[in-house]
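Here is the structure we will look at.
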Amino acid sequence: MKDKIKHKVFTAETLSLYNGQNGQPAYVAIDGLVYDVSTAFIEGAHINHQAGMDLSEDFHSIHAIEIIKKYPIMGIYKS
């Protein structure tokens, strides 16, 4: 699994393309990994959060880490 993760590297610029709008999937970065959260982010939004961003700090303020682990990992995030 780690080998697959290493193949796709997202930057802030490339991650922003996956904002869940106009047919794009919704990806977010949490703790250096990029997850596909399309099922939770409707039109790219979930509560007050927007897909296509590093949401690590906000995520940890309201969720346990186990929540994000149910979503597919799409790559790694390099800020």
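Scheme for the structure tokens: letters A, B, ... for chains in order shown; per-chain residue numbers from 1; ligand numbers from 1 in order shown.
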(request) Can you list, as a list in words, all residues belonging to segment 9-52 of chain A that DSSP tags as strand (DSSP E or B)? (result)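 Selection result, strand (DSSP E or B) within segment 9-52 of chain A: Val9, Phe10, Asn19, Ala26, Tyr27, Val28, Ala29, Ile30, Leu33, Val34, Tyr35, Asp36, Ile42, Ala45, His46, His49 and Gln50 of chain A.
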(message) Taking the DSSP secondary structure from the backbone, can you list the residues of chain A that are helix (DSSP H, G or I), as a PyMOL selection string?
(response) chain A and resi 2-7+12-15+56-62+65-68
Could you dump the residues just selected with N, CA and C atoms as an mmCIF file, in the first residue's frame?
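Dumped everything to out_14.cif:
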data_model
loop_
_atom_site.group_PDB
_atom_site.id
_atom_site.type_symbol
_atom_site.label_atom_id
_atom_site.label_comp_id
_atom_site.auth_asym_id
_atom_site.auth_seq_id
_atom_site.Cartn_x
_atom_site.Cartn_y
_atom_site.Cartn_z
ATOM 1 N N LYS A 2 1.940 1.281 0.776
ATOM 2 C CA LYS A 2 2.794 2.462 0.831
ATOM 3 C C LYS A 2 3.391 2.786 -0.532
ATOM 4 N N ASP A 3 3.699 1.776 -1.341
ATOM 5 C CA ASP A 3 4.246 2.023 -2.669
ATOM 6 C C ASP A 3 3.258 2.773 -3.546
ATOM 7 N N LYS A 4 1.980 2.411 -3.473
ATOM 8 C CA LYS A 4 0.969 3.113 -4.249
ATOM 9 C C LYS A 4 0.853 4.567 -3.812
ATOM 10 N N ILE A 5 0.904 4.807 -2.516
ATOM 11 C CA ILE A 5 0.790 6.164 -1.992
ATOM 12 C C ILE A 5 1.911 7.035 -2.527
ATOM 13 N N LYS A 6 3.110 6.498 -2.604
ATOM 14 C CA LYS A 6 4.272 7.271 -3.036
ATOM 15 C C LYS A 6 4.185 7.704 -4.494
ATOM 16 N N HIS A 7 3.370 7.039 -5.293
ATOM 17 C CA HIS A 7 3.304 7.360 -6.711
ATOM 18 C C HIS A 7 2.603 8.690 -6.995
ATOM 19 N N ALA A 12 -0.271 21.972 -2.679
ATOM 20 C CA ALA A 12 -1.457 22.802 -2.439
ATOM 21 C C ALA A 12 -2.149 23.123 -3.767
ATOM 22 N N GLU A 13 -1.353 23.382 -4.788
ATOM 23 C CA GLU A 13 -1.910 23.732 -6.099
ATOM 24 C C GLU A 13 -2.635 22.551 -6.737
ATOM 25 N N THR A 14 -2.018 21.376 -6.745
ATOM 26 C CA THR A 14 -2.667 20.231 -7.386
ATOM 27 C C THR A 14 -3.840 19.713 -6.560
ATOM 28 N N LEU A 15 -3.732 19.763 -5.250
ATOM 29 C CA LEU A 15 -4.846 19.335 -4.405
ATOM 30 C C LEU A 15 -6.066 20.220 -4.616
ATOM 31 N N SER A 56 -6.049 19.292 8.087
ATOM 32 C CA SER A 56 -5.534 18.573 9.257
ATOM 33 C C SER A 56 -5.957 19.211 10.572
ATOM 34 N N GLU A 57 -5.693 20.487 10.738
ATOM 35 C CA GLU A 57 -5.984 21.154 12.009
ATOM 36 C C GLU A 57 -7.477 21.149 12.314
ATOM 37 N N ASP A 58 -8.277 21.511 11.328
ATOM 38 C CA ASP A 58 -9.729 21.532 11.532
ATOM 39 C C ASP A 58 -10.269 20.137 11.790
ATOM 40 N N PHE A 59 -9.757 19.147 11.075
ATOM 41 C CA PHE A 59 -10.218 17.777 11.243
ATOM 42 C C PHE A 59 -10.006 17.310 12.677
ATOM 43 N N HIS A 60 -8.800 17.500 13.187
ATOM 44 C CA HIS A 60 -8.482 17.023 14.532
ATOM 45 C C HIS A 60 -9.252 17.763 15.624
ATOM 46 N N SER A 61 -9.725 18.959 15.324
ATOM 47 C CA SER A 61 -10.483 19.706 16.330
ATOM 48 C C SER A 61 -11.897 19.158 16.519
ATOM 49 N N ILE A 62 -12.392 18.356 15.543
ATOM 50 C CA ILE A 62 -13.765 17.858 15.676
ATOM 51 C C ILE A 62 -13.934 16.352 15.470
ATOM 52 N N ILE A 65 -9.220 10.370 14.712
ATOM 53 C CA ILE A 65 -8.466 9.962 13.524
ATOM 54 C C ILE A 65 -9.087 8.750 12.828
ATOM 55 N N GLU A 66 -9.780 7.903 13.552
ATOM 56 C CA GLU A 66 -10.387 6.717 12.958
ATOM 57 C C GLU A 66 -11.400 7.061 11.871
ATOM 58 N N ILE A 67 -12.013 8.212 11.961
ATOM 59 C CA ILE A 67 -13.024 8.623 10.980
ATOM 60 C C ILE A 67 -12.427 8.699 9.583
ATOM 61 N N ILE A 68 -11.285 9.331 9.432
ATOM 62 C CA ILE A 68 -10.692 9.524 8.098
ATOM 63 C C ILE A 68 -10.163 8.215 7.524
#
(request) Could you check how far atom CA of Met74 of chain A sits from atom CA of Ile42 of chain A, in Å to one decimal? (result)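 Between atom CA of Met74 of chain A and atom CA of Ile42 of chain A the gap is 18.5 Å.
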(message) To one decimal place in Å, what is the distance between atom CA of Ser79 of chain A and atom CA of Ser16 of chain A?
(response)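 Separating atom CA of Ser79 of chain A from atom CA of Ser16 of chain A is a distance of 11.9 Å.
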(request) Kindly give the distance, in Å, that separates atom CA of Ile73 of chain A and atom CA of Tyr35 of chain A, rounded to a single decimal. (result) 4.5 Å
(request) Identify which of the residues A:Ile30, A:Ala40, A:Leu55, A:Ala45 lies closest to Ile76 of chain A, counting only C-alpha atoms when measuring atom-to-atom distances. (result)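 Closest candidate: A:Ile30.
The nearest approach to Phe10 of chain A among the residues A:Ala26, A:Ala64, A:Val34, A:Ala51, with only C-alpha atoms taken into account, belongs to A:Val34.
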(message) Which residue is closest to Tyr71 of chain A? Choose from A:Asp31, A:Asp54, A:Asp36, A:Glu43 and count only C-alpha atoms.
(response)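 Checking each candidate against Tyr71 of chain A, we get A:Asp36 as the closest.
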(message) I'd like to know which of A:Leu17, A:Gly23, A:Leu33, A:Thr11 is closest to Gly75 of chain A, using only C-alpha atoms.
(response) A:Leu33
(request) Tell me, as a PyMOL selection string, which residues lie within 8 Å of Asn19 of chain A, counting only C-alpha atoms; anything in the same chain fewer than 5 positions away does not count. (result) chain A and resi 24-27+44+50-53
Write the residues of the preceding selection, restricted to C-alpha atoms, as a PDB file, in the first residue's frame.
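Contents of out.pdb, freshly written:
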ATOM      1  CA  GLN A  24     -14.206  16.623  -9.804  1.00  0.00           C
ATOM      2  CA  PRO A  25     -13.761  14.266  -6.850  1.00  0.00           C
ATOM      3  CA  ALA A  26     -13.409  15.784  -3.377  1.00  0.00           C
ATOM      4  CA  TYR A  27      -9.958  15.221  -1.861  1.00  0.00           C
ATOM      5  CA  GLY A  44     -17.137  19.873  -2.384  1.00  0.00           C
ATOM      6  CA  GLN A  50     -14.136  22.908   1.480  1.00  0.00           C
ATOM      7  CA  ALA A  51     -12.469  20.013  -0.335  1.00  0.00           C
ATOM      8  CA  GLY A  52      -9.186  20.542  -2.138  1.00  0.00           C
ATOM      9  CA  MET A  53      -7.334  21.729   0.964  1.00  0.00           C
TER      10      MET A  53
END
